[in-house]
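**Q** Below you will find the structure I want to go over with you.
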Amino acid sequence: MRGADAHVPSAAMPQLFRSALPAALLAVVLAAVPAAGANGAKTPAADDPDAAQIADPIDQGDPSGSTTRPYQVPRWEGGEISVDGRLDEGFWQRAARLSLPFETSPAENMPAPVETEAMVFYDTSHLYVGFRAKDPNPKAIRAHLSDRDTAYNDDFVGIVLDTFNDERRAFEFFANPLGVQMDLFNDDVGGNETDSWDAIWDSAGRITESGYEVEMAIPFHQLRFPAGQGNQVWGVDFIRFYPRSDRHRLASQPMDRDVSCYLCQISKMEGFNGISPGRNLEINPTLVSGRTDERSDFPDGDFEDGSVDTDPGLTVRWGVTPNLSLSGTINPDFSQVEADVAQLDVNNQFTLFFPERRPFFLEGADFFDTSFNAVFTRNVSDPDWGVKLTGKQGKNGIGVFAAQDTITNLLFPGSQGSDADTFDFETTDTSLRYRRDFGNSSALGGVFTSRAGGDYSNYLGGFDGVYRINDKDTVEFQALGSRTEYPLEIVEDYEQPEGSFSDVAYKLRYNRDSRDWGWWLQYTDVGTDFRADMGFMPRVDYTFLVGGLRRTWTGEDGDWYNHVSVGGDWDRTEDQSGQLLEREIEVWTSYSGPKQSHVFFALVDRDRHFDGVDFPDQFNVQGWQELTPNGKLWFGLWYRVGDDVDFANTRPAETVVLEPNLRFNVGKHLRTTLSHTFQSLDVDEGELFEVNLSQLRVVYQINLRMFVRGIFQYQQIDRDPSLYLDDDVDSESQDLFTQLLFSYKVNPRTVLFFGYSDNREGFVNQETSVDLTQADRSLFLKIGYAWNL
């Protein structure tokens, strides 16, 4: 979390549970899961802390924040350690320690408003990190019990580890004052920071009379690092987020905003002599069971009881070397415990994107990232088996996965729209990614994917690179080629090319990013017959050119703003024949200030072409704003008003889109989130449709390991059938999705989930009217356990 804003995961649309076991198994599983630390074994404190041979505290360097030598990390040899959130044991008194004297955001390398002390040492198996965070008003500390990777709006502290010291990738470990964990992976070259990566580690925290304390134990077998028995030098950043009226980011060293590279600015620490990940073997058996009942003849038929499906599965992870990880899975559990956030699928040109959530594919996902979305593992829908190899050796990064999928999801892209469907034939899916680092945070890479089964095949290959010219200027490029062949029935039903066909796609982008100024220029060309069936590229047959400029002013202490920016861009999209698809000019301004307020406002003028019709001089006003007045409440609003296109009937229209969001915390345990989307589309003859989509999430976190959650998603669409020229549509349709879940987690893979979900539907048309009626209901239970050997 290098910037002023913490990472917040993206969201998408509802998925039904399809599995469950008898509830009586709950007691058996809870009894079987040990009251363990994150690595499965509680370790008592050492009886004699003075027996440890710990070096003197590290030299913090000069007041500017630079250090004359790497921080020296001492080694503990005095016995096992208990992670309890208390830093008064003898080994912490002898640990290396440093302060976090700089506020890097919103202030620019000014003295931190509160004191923070970080401590660090290691033993043969763990890195231990402690934080003592002072606070003049401990009652103002924002700390809530919550699930992992969700406490980004609280106070929290953490450490960033560049274990290869190559200033390109880093592991990030954070915890709030109650010990809630957040772990992320940062690919600084690719510009990606994701919390989809989950490690098994230990943390604890407590609020004190003078602030709070956090203690972490990070097993070395959860990290990748260079092999060898001598001392190692790692990049390191110690961070504290202190949210009050502003969201202060405090750090152990200053940050230069005129340098776009983050990891090349962090400090170094030296030590770790003789560390090893051990056997680094994790065995993760799972048992998933469920039952789904469906109404035989909707809406009047009776429910037909579904059969109970019970599926055992096994995933094995092996650290072949300290920096290379091999995973294999048989009958993997790809159940969706987390319901995707609902999205509107009305008056859209292109297929909606739903992010990957399945643990097997999320681990090491950063190795497969490229400028084009050439690898999208959610395409692998229901595999019998899978295998994956990820890691880094020296300057070489590699990612390989293969899976046998029992069904096939295909996306059929075009220049003005896309379609998608699921087919019952099997495919063997493979992706290979290689990246070679060079120079100053630059890299070259290649990617290859294949998907084949029966009369169907798709192969993709290409190369890409990121070249950092200097601290501010970066050039990115990618070139891909594909060859595809569809079965005859797909060719006929979806109007796809017959026989084997091929095409290319390429992209070139220049970006300048500095404290006060930024500008960018990008050109993209995707051929008509290009297909990336292992990725997500819903648009082909187009060229895209964009150029933009930004100017930013940074406030000083006492100013009414933290940042104010103005900017704009111009872009033009054409199909391969030269037909203009869109020309757009956008000017915008943004503001951030007290109460963690953020405002963005834009004016957009565009010309469009769709389905043979030109739509010139379309004007839109759009923007978003958010406010966090205190630790309990957050409010946000996104909006768009202006000219649009009625894609169903190919005519001009006017739209209003409003998306208010509200989050409210009640005490430390209860969190509620309410989001709503309203959209209307008017044509000359009247209102074509009006959509209201609401989602309520209520989570009661019992303790760090257990929560109960309810998700309720309701959508209502009102249409005027007389205004639809070709389609026969319902005048009213309703959908209600409900999901209830009990969750018990010792760590990300030692888990028990027990849930219920159902769907209700209703509609009104010229022939009939159906009130909101239950269409199906499902019970689901999953047991997973992680053995670390």
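By convention here, the chains of the structure tokens are called A, B, ... in the order presented, each chain's residues are numbered starting at 1, and ligands are numbered starting at 1 in the order presented.
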At a cut-off of 9 Å, can you tabulate as JSON lines every residue of range 523-626 of chain A near range 350-359 of chain A together with its closest atom pair and the distance in Å to one decimal, using only C-alpha atoms and ordering rows by chain then number?
**A**
{"residue": "A:Phe536", "atom": "CA", "partner": "A:Phe353", "partner_atom": "CA", "distance": 7.9}
{"residue": "A:Pro538", "atom": "CA", "partner": "A:Phe350", "partner_atom": "CA", "distance": 6.3}
{"residue": "A:Arg539", "atom": "CA", "partner": "A:Phe350", "partner_atom": "CA", "distance": 7.6}
**Q** Please identify all polymer residues within 12 Å of Lys507 in chain A, counting only C-alpha atoms, omitting same-chain residues fewer than 2 positions from it, and present them as a tab-separated table (two decimals) with all heavy atoms, in the first residue's frame.
**A**
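File produced: part32.tsv:
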chain	number	residue	atom	x	y	z
A	370	THR	N	-0.49	-9.33	-17.80
A	370	THR	CA	0.11	-8.61	-18.92
A	370	THR	C	-0.77	-7.40	-19.23
A	370	THR	O	-1.87	-7.26	-18.67
A	370	THR	CB	0.23	-9.49	-20.18
A	370	THR	OG1	-1.08	-9.79	-20.68
A	370	THR	CG2	0.98	-10.77	-19.89
A	371	SER	N	-0.32	-6.55	-20.14
A	371	SER	CA	-1.07	-5.35	-20.49
A	371	SER	C	-2.44	-5.71	-21.06
A	371	SER	O	-3.47	-5.17	-20.65
A	371	SER	CB	-0.27	-4.51	-21.49
A	371	SER	OG	-0.96	-3.32	-21.80
A	372	PHE	N	-2.49	-6.61	-22.05
A	372	PHE	CA	-3.74	-7.21	-22.46
A	372	PHE	C	-4.11	-8.27	-21.42
A	372	PHE	O	-3.24	-8.94	-20.86
A	372	PHE	CB	-3.62	-7.88	-23.83
A	372	PHE	CG	-3.60	-6.93	-25.00
A	372	PHE	CD1	-2.49	-6.87	-25.84
A	372	PHE	CD2	-4.69	-6.12	-25.27
A	372	PHE	CE1	-2.46	-6.02	-26.92
A	372	PHE	CE2	-4.67	-5.25	-26.36
A	372	PHE	CZ	-3.56	-5.20	-27.19
A	373	ASN	N	-5.41	-8.46	-21.22
A	373	ASN	CA	-5.85	-9.50	-20.27
A	373	ASN	C	-5.85	-10.85	-21.00
A	373	ASN	O	-6.89	-11.40	-21.35
A	373	ASN	CB	-7.24	-9.17	-19.74
A	373	ASN	CG	-7.61	-10.01	-18.53
A	373	ASN	OD1	-6.91	-10.96	-18.17
A	373	ASN	ND2	-8.72	-9.67	-17.89
A	462	GLY	N	2.87	-14.38	-27.68
A	462	GLY	CA	3.36	-13.03	-27.92
A	462	GLY	C	4.40	-12.61	-26.91
A	462	GLY	O	4.79	-13.39	-26.03
A	463	PHE	N	4.84	-11.37	-27.00
A	463	PHE	CA	5.85	-10.84	-26.11
A	463	PHE	C	5.45	-9.44	-25.66
A	463	PHE	O	4.59	-8.79	-26.26
A	463	PHE	CB	7.22	-10.81	-26.79
A	463	PHE	CG	7.26	-10.00	-28.06
A	463	PHE	CD1	7.61	-8.66	-28.05
A	463	PHE	CD2	6.94	-10.59	-29.28
A	463	PHE	CE1	7.65	-7.91	-29.22
A	463	PHE	CE2	6.98	-9.85	-30.46
A	463	PHE	CZ	7.34	-8.51	-30.43
A	464	ASP	N	6.05	-8.98	-24.59
A	464	ASP	CA	5.70	-7.68	-24.01
A	464	ASP	C	6.88	-7.16	-23.22
A	464	ASP	O	7.84	-7.88	-22.95
A	464	ASP	CB	4.47	-7.81	-23.10
A	464	ASP	CG	4.70	-8.79	-21.97
A	464	ASP	OD1	4.53	-10.02	-22.20
A	464	ASP	OD2	5.06	-8.36	-20.87
A	465	GLY	N	6.80	-5.89	-22.83
A	465	GLY	CA	7.88	-5.31	-22.06
A	465	GLY	C	7.49	-4.01	-21.40
A	465	GLY	O	6.52	-3.34	-21.80
A	466	VAL	N	8.21	-3.67	-20.37
A	466	VAL	CA	8.11	-2.38	-19.68
A	466	VAL	C	9.52	-1.82	-19.59
A	466	VAL	O	10.43	-2.48	-19.06
A	466	VAL	CB	7.51	-2.53	-18.27
A	466	VAL	CG1	7.51	-1.19	-17.55
A	466	VAL	CG2	6.12	-3.12	-18.32
A	475	VAL	N	7.77	3.29	-20.87
A	475	VAL	CA	7.19	2.81	-22.11
A	475	VAL	C	6.78	1.35	-21.91
A	475	VAL	O	7.56	0.54	-21.38
A	475	VAL	CB	8.19	2.91	-23.28
A	475	VAL	CG1	7.61	2.27	-24.54
A	475	VAL	CG2	8.54	4.36	-23.55
A	476	GLU	N	5.54	1.01	-22.30
A	476	GLU	CA	5.04	-0.35	-22.24
A	476	GLU	C	4.61	-0.78	-23.64
A	476	GLU	O	4.09	0.03	-24.41
A	476	GLU	CB	3.83	-0.46	-21.30
A	476	GLU	CG	4.07	-0.01	-19.88
A	476	GLU	CD	2.80	-0.08	-19.05
A	476	GLU	OE1	2.14	-1.13	-19.08
A	476	GLU	OE2	2.47	0.93	-18.41
A	477	PHE	N	4.80	-2.07	-23.93
A	477	PHE	CA	4.35	-2.58	-25.22
A	477	PHE	C	3.97	-4.05	-25.08
A	477	PHE	O	4.44	-4.75	-24.17
A	477	PHE	CB	5.43	-2.42	-26.29
A	477	PHE	CG	6.66	-3.27	-26.05
A	477	PHE	CD1	6.75	-4.55	-26.57
A	477	PHE	CD2	7.71	-2.77	-25.30
A	477	PHE	CE1	7.88	-5.33	-26.34
A	477	PHE	CE2	8.84	-3.54	-25.06
A	477	PHE	CZ	8.92	-4.83	-25.59
A	478	GLN	N	3.10	-4.50	-25.97
A	478	GLN	CA	2.76	-5.91	-26.06
A	478	GLN	C	2.29	-6.23	-27.47
A	478	GLN	O	1.57	-5.42	-28.09
A	478	GLN	CB	1.67	-6.31	-25.05
A	478	GLN	CG	1.37	-7.81	-25.06
A	478	GLN	CD	0.59	-8.28	-23.85
A	478	GLN	OE1	-0.05	-7.48	-23.16
A	478	GLN	NE2	0.62	-9.57	-23.57
A	479	ALA	N	2.69	-7.38	-27.98
A	479	ALA	CA	2.26	-7.86	-29.29
A	479	ALA	C	1.85	-9.32	-29.16
A	479	ALA	O	2.59	-10.13	-28.58
A	479	ALA	CB	3.38	-7.73	-30.32
A	480	LEU	N	0.67	-9.66	-29.66
A	480	LEU	CA	0.11	-11.01	-29.55
A	480	LEU	C	-0.39	-11.48	-30.90
A	480	LEU	O	-0.85	-10.67	-31.73
A	480	LEU	CB	-1.05	-11.05	-28.55
A	480	LEU	CG	-0.77	-10.64	-27.11
A	480	LEU	CD1	-2.08	-10.58	-26.33
A	480	LEU	CD2	0.19	-11.62	-26.44
A	504	VAL	N	-3.74	-10.66	-35.16
A	504	VAL	CA	-2.78	-10.12	-34.20
A	504	VAL	C	-3.41	-8.99	-33.40
A	504	VAL	O	-4.43	-8.40	-33.79
A	504	VAL	CB	-1.50	-9.61	-34.91
A	504	VAL	CG1	-0.79	-10.75	-35.61
A	504	VAL	CG2	-1.84	-8.49	-35.88
A	505	ALA	N	-2.76	-8.67	-32.26
A	505	ALA	CA	-3.13	-7.52	-31.43
A	505	ALA	C	-1.85	-6.93	-30.86
A	505	ALA	O	-0.94	-7.68	-30.47
A	505	ALA	CB	-4.07	-7.94	-30.31
A	509	ARG	N	2.34	2.08	-25.22
A	509	ARG	CA	1.93	3.18	-24.32
A	509	ARG	C	3.17	3.87	-23.76
A	509	ARG	O	4.13	3.22	-23.33
A	509	ARG	CB	1.09	2.64	-23.16
A	509	ARG	CG	0.64	3.73	-22.18
A	509	ARG	CD	-0.22	3.17	-21.06
A	509	ARG	NE	-0.60	4.19	-20.10
A	509	ARG	CZ	-1.67	4.97	-20.18
A	509	ARG	NH1	-2.52	4.82	-21.21
A	509	ARG	NH2	-1.95	5.87	-19.26
A	510	TYR	N	3.11	5.19	-23.78
A	510	TYR	CA	4.11	6.03	-23.12
A	510	TYR	C	3.42	6.75	-21.97
A	510	TYR	O	2.31	7.29	-22.12
A	510	TYR	CB	4.70	7.05	-24.08
A	510	TYR	CG	5.48	8.15	-23.38
A	510	TYR	CD1	6.79	7.93	-22.98
A	510	TYR	CD2	4.89	9.37	-23.10
A	510	TYR	CE1	7.51	8.92	-22.33
A	510	TYR	CE2	5.59	10.37	-22.44
A	510	TYR	CZ	6.90	10.14	-22.06
A	510	TYR	OH	7.61	11.11	-21.40
A	521	LEU	N	0.26	8.67	-23.72
A	521	LEU	CA	-0.11	8.46	-25.11
A	521	LEU	C	-0.14	6.95	-25.35
A	521	LEU	O	0.82	6.26	-24.98
A	521	LEU	CB	0.89	9.13	-26.05
A	521	LEU	CG	0.59	9.05	-27.55
A	521	LEU	CD1	-0.67	9.84	-27.89
A	521	LEU	CD2	1.78	9.58	-28.35
A	522	GLN	N	-1.23	6.46	-25.94
A	522	GLN	CA	-1.37	5.01	-26.14
A	522	GLN	C	-2.02	4.73	-27.49
A	522	GLN	O	-2.95	5.42	-27.90
A	522	GLN	CB	-2.21	4.39	-25.03
A	522	GLN	CG	-2.48	2.89	-25.20
A	522	GLN	CD	-3.31	2.31	-24.08
A	522	GLN	OE1	-3.10	2.62	-22.91
A	522	GLN	NE2	-4.28	1.49	-24.42
A	523	TYR	N	-1.51	3.68	-28.14
A	523	TYR	CA	-2.12	3.19	-29.37
A	523	TYR	C	-2.34	1.69	-29.24
A	523	TYR	O	-1.43	0.95	-28.83
A	523	TYR	CB	-1.25	3.47	-30.58
A	523	TYR	CG	-1.86	2.94	-31.87
A	523	TYR	CD1	-2.95	3.59	-32.45
A	523	TYR	CD2	-1.36	1.79	-32.48
A	523	TYR	CE1	-3.51	3.11	-33.62
A	523	TYR	CE2	-1.93	1.31	-33.65
A	523	TYR	CZ	-3.01	1.97	-34.21
A	523	TYR	OH	-3.58	1.49	-35.36
A	524	THR	N	-3.56	1.23	-29.57
A	524	THR	CA	-3.93	-0.18	-29.50
A	524	THR	C	-4.54	-0.60	-30.82
A	524	THR	O	-5.35	0.14	-31.40
A	524	THR	CB	-4.95	-0.44	-28.36
A	524	THR	OG1	-4.41	0.03	-27.13
A	524	THR	CG2	-5.27	-1.91	-28.24
A	525	ASP	N	-4.18	-1.80	-31.29
A	525	ASP	CA	-4.72	-2.33	-32.54
A	525	ASP	C	-5.02	-3.81	-32.32
A	525	ASP	O	-4.12	-4.60	-32.01
A	525	ASP	CB	-3.69	-2.17	-33.67
A	525	ASP	CG	-4.26	-2.49	-35.05
A	525	ASP	OD1	-4.95	-3.51	-35.17
A	525	ASP	OD2	-4.00	-1.71	-35.98
A	526	VAL	N	-6.30	-4.19	-32.45
A	526	VAL	CA	-6.73	-5.57	-32.25
A	526	VAL	C	-7.45	-6.03	-33.51
A	526	VAL	O	-8.47	-5.44	-33.90
A	526	VAL	CB	-7.65	-5.72	-31.02
A	526	VAL	CG1	-8.05	-7.19	-30.83
A	526	VAL	CG2	-6.96	-5.19	-29.76
A	527	GLY	N	-6.94	-7.07	-34.14
A	527	GLY	CA	-7.47	-7.54	-35.41
A	527	GLY	C	-8.86	-8.16	-35.31
A	527	GLY	O	-9.28	-8.60	-34.24
A	542	TYR	N	-10.69	-3.39	-33.85
A	542	TYR	CA	-10.68	-1.95	-33.55
A	542	TYR	C	-9.25	-1.45	-33.42
A	542	TYR	O	-8.31	-2.21	-33.16
A	542	TYR	CB	-11.46	-1.65	-32.27
A	542	TYR	CG	-10.76	-2.03	-30.99
A	542	TYR	CD1	-10.05	-1.07	-30.26
A	542	TYR	CD2	-10.80	-3.33	-30.49
A	542	TYR	CE1	-9.41	-1.39	-29.08
A	542	TYR	CE2	-10.17	-3.67	-29.31
A	542	TYR	CZ	-9.47	-2.69	-28.61
A	542	TYR	OH	-8.83	-3.02	-27.44
A	543	THR	N	-9.10	-0.15	-33.60
A	543	THR	CA	-7.88	0.58	-33.24
A	543	THR	C	-8.29	1.68	-32.26
A	543	THR	O	-9.40	2.23	-32.34
A	543	THR	CB	-7.19	1.20	-34.46
A	543	THR	OG1	-8.05	2.19	-35.05
A	543	THR	CG2	-6.84	0.14	-35.48
A	544	PHE	N	-7.37	2.00	-31.34
A	544	PHE	CA	-7.68	2.96	-30.29
A	544	PHE	C	-6.47	3.84	-30.06
A	544	PHE	O	-5.36	3.34	-29.84
A	544	PHE	CB	-8.05	2.21	-29.00
A	544	PHE	CG	-8.24	3.08	-27.79
A	544	PHE	CD1	-9.37	3.89	-27.67
A	544	PHE	CD2	-7.30	3.11	-26.78
A	544	PHE	CE1	-9.54	4.69	-26.54
A	544	PHE	CE2	-7.46	3.90	-25.66
A	544	PHE	CZ	-8.60	4.69	-25.55
A	545	LEU	N	-6.68	5.14	-30.11
A	545	LEU	CA	-5.61	6.12	-29.88
A	545	LEU	C	-6.08	7.09	-28.80
A	545	LEU	O	-7.19	7.64	-28.90
A	545	LEU	CB	-5.28	6.88	-31.16
A	545	LEU	CG	-4.22	7.99	-31.06
A	545	LEU	CD1	-2.86	7.39	-30.69
A	545	LEU	CD2	-4.13	8.77	-32.38
A	546	VAL	N	-5.25	7.30	-27.77
A	546	VAL	CA	-5.62	8.21	-26.69
A	546	VAL	C	-4.39	9.00	-26.26
A	546	VAL	O	-3.27	8.48	-26.24
A	546	VAL	CB	-6.22	7.45	-25.48
A	546	VAL	CG1	-5.22	6.46	-24.90
A	546	VAL	CG2	-6.71	8.41	-24.40
**Q** Restrict the calculation to only C-alpha atoms, then for each residue of range 333-418 of chain A with any atom at most 10 Å from an atom of range 178-193 of chain A give the closest atom pair and their distance in Å to one decimal, rows by chain and rising residue number, as JSON lines.
**A**
{"residue": "A:Glu363", "atom": "CA", "partner": "A:Phe185", "partner_atom": "CA", "distance": 10.0}
{"residue": "A:Gly364", "atom": "CA", "partner": "A:Phe185", "partner_atom": "CA", "distance": 9.0}
{"residue": "A:Ala365", "atom": "CA", "partner": "A:Phe185", "partner_atom": "CA", "distance": 9.7}
{"residue": "A:Asp366", "atom": "CA", "partner": "A:Asp187", "partner_atom": "CA", "distance": 7.1}
{"residue": "A:Phe367", "atom": "CA", "partner": "A:Asp187", "partner_atom": "CA", "distance": 8.9}
{"residue": "A:Asp369", "atom": "CA", "partner": "A:Gly190", "partner_atom": "CA", "distance": 7.7}
{"residue": "A:Thr370", "atom": "CA", "partner": "A:Gly190", "partner_atom": "CA", "distance": 7.7}
{"residue": "A:Ser371", "atom": "CA", "partner": "A:Gly190", "partner_atom": "CA", "distance": 8.2}
**Q** Since we have the selection now, will you write its residues out, keeping N, CA, C and O atoms, as a PDB file, in the first residue's frame?
**A**
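Result file follows (selection-v2.pdb):
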ATOM      1  N   GLU A 363      -3.495 -17.813  -6.148  1.00  0.00           N
ATOM      2  CA  GLU A 363      -2.109 -17.896  -5.704  1.00  0.00           C
ATOM      3  C   GLU A 363      -1.165 -17.763  -6.897  1.00  0.00           C
ATOM      4  O   GLU A 363      -1.254 -18.500  -7.875  1.00  0.00           O
ATOM      5  N   GLY A 364      -0.285 -16.789  -6.836  1.00  0.00           N
ATOM      6  CA  GLY A 364       0.664 -16.564  -7.920  1.00  0.00           C
ATOM      7  C   GLY A 364       0.046 -15.959  -9.162  1.00  0.00           C
ATOM      8  O   GLY A 364       0.670 -15.953 -10.227  1.00  0.00           O
ATOM      9  N   ALA A 365      -1.174 -15.402  -9.043  1.00  0.00           N
ATOM     10  CA  ALA A 365      -1.849 -14.851 -10.224  1.00  0.00           C
ATOM     11  C   ALA A 365      -1.082 -13.695 -10.831  1.00  0.00           C
ATOM     12  O   ALA A 365      -1.180 -13.440 -12.043  1.00  0.00           O
ATOM     13  N   ASP A 366      -0.306 -12.977 -10.009  1.00  0.00           N
ATOM     14  CA  ASP A 366       0.439 -11.830 -10.522  1.00  0.00           C
ATOM     15  C   ASP A 366       1.454 -12.228 -11.591  1.00  0.00           C
ATOM     16  O   ASP A 366       1.816 -11.410 -12.452  1.00  0.00           O
ATOM     17  N   PHE A 367       1.925 -13.465 -11.576  1.00  0.00           N
ATOM     18  CA  PHE A 367       2.916 -13.890 -12.567  1.00  0.00           C
ATOM     19  C   PHE A 367       2.332 -13.920 -13.980  1.00  0.00           C
ATOM     20  O   PHE A 367       3.088 -13.907 -14.955  1.00  0.00           O
ATOM     21  N   ASP A 369       0.036 -11.689 -15.208  1.00  0.00           N
ATOM     22  CA  ASP A 369      -0.497 -10.397 -15.634  1.00  0.00           C
ATOM     23  C   ASP A 369       0.270  -9.860 -16.836  1.00  0.00           C
ATOM     24  O   ASP A 369       1.504  -9.904 -16.881  1.00  0.00           O
ATOM     25  N   THR A 370      -0.485  -9.330 -17.800  1.00  0.00           N
ATOM     26  CA  THR A 370       0.107  -8.606 -18.924  1.00  0.00           C
ATOM     27  C   THR A 370      -0.772  -7.403 -19.232  1.00  0.00           C
ATOM     28  O   THR A 370      -1.867  -7.259 -18.671  1.00  0.00           O
ATOM     29  N   SER A 371      -0.316  -6.551 -20.137  1.00  0.00           N
ATOM     30  CA  SER A 371      -1.068  -5.351 -20.490  1.00  0.00           C
ATOM     31  C   SER A 371      -2.440  -5.707 -21.059  1.00  0.00           C
ATOM     32  O   SER A 371      -3.465  -5.169 -20.653  1.00  0.00           O
TER      33      SER A 371
END
**Q** Name all residues at most 7 Å from Glu426 in chain A (count only C-alpha atoms; drop same-chain ones fewer than 3 positions away) and give them as a VMD selection string.
**A** chain A and resid 405 to 408 453
**Q** As a list in words, please: the residues near Phe712 in chain A (cut-off 8 Å, only C-alpha atoms, same-chain neighbours under 6 positions excluded).
**A**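 Those residues are Gln695, Leu696, Arg697, Leu736, Phe737, Thr738 and Gln739 of chain A.
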**Q** Write down as a list in words the residues belonging to range 314-407 of chain A that are assigned alpha helix (DSSP H) by DSSP computed on the backbone.
**A** Pro359, Phe360, Phe361 and Leu362 of chain A
**Q** Which value, in Å to one decimal, gives the distance between CA of Thr329 in chain A and CA of Thr428 in chain A?
**A**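 Those two atoms sit 14.7 Å apart.
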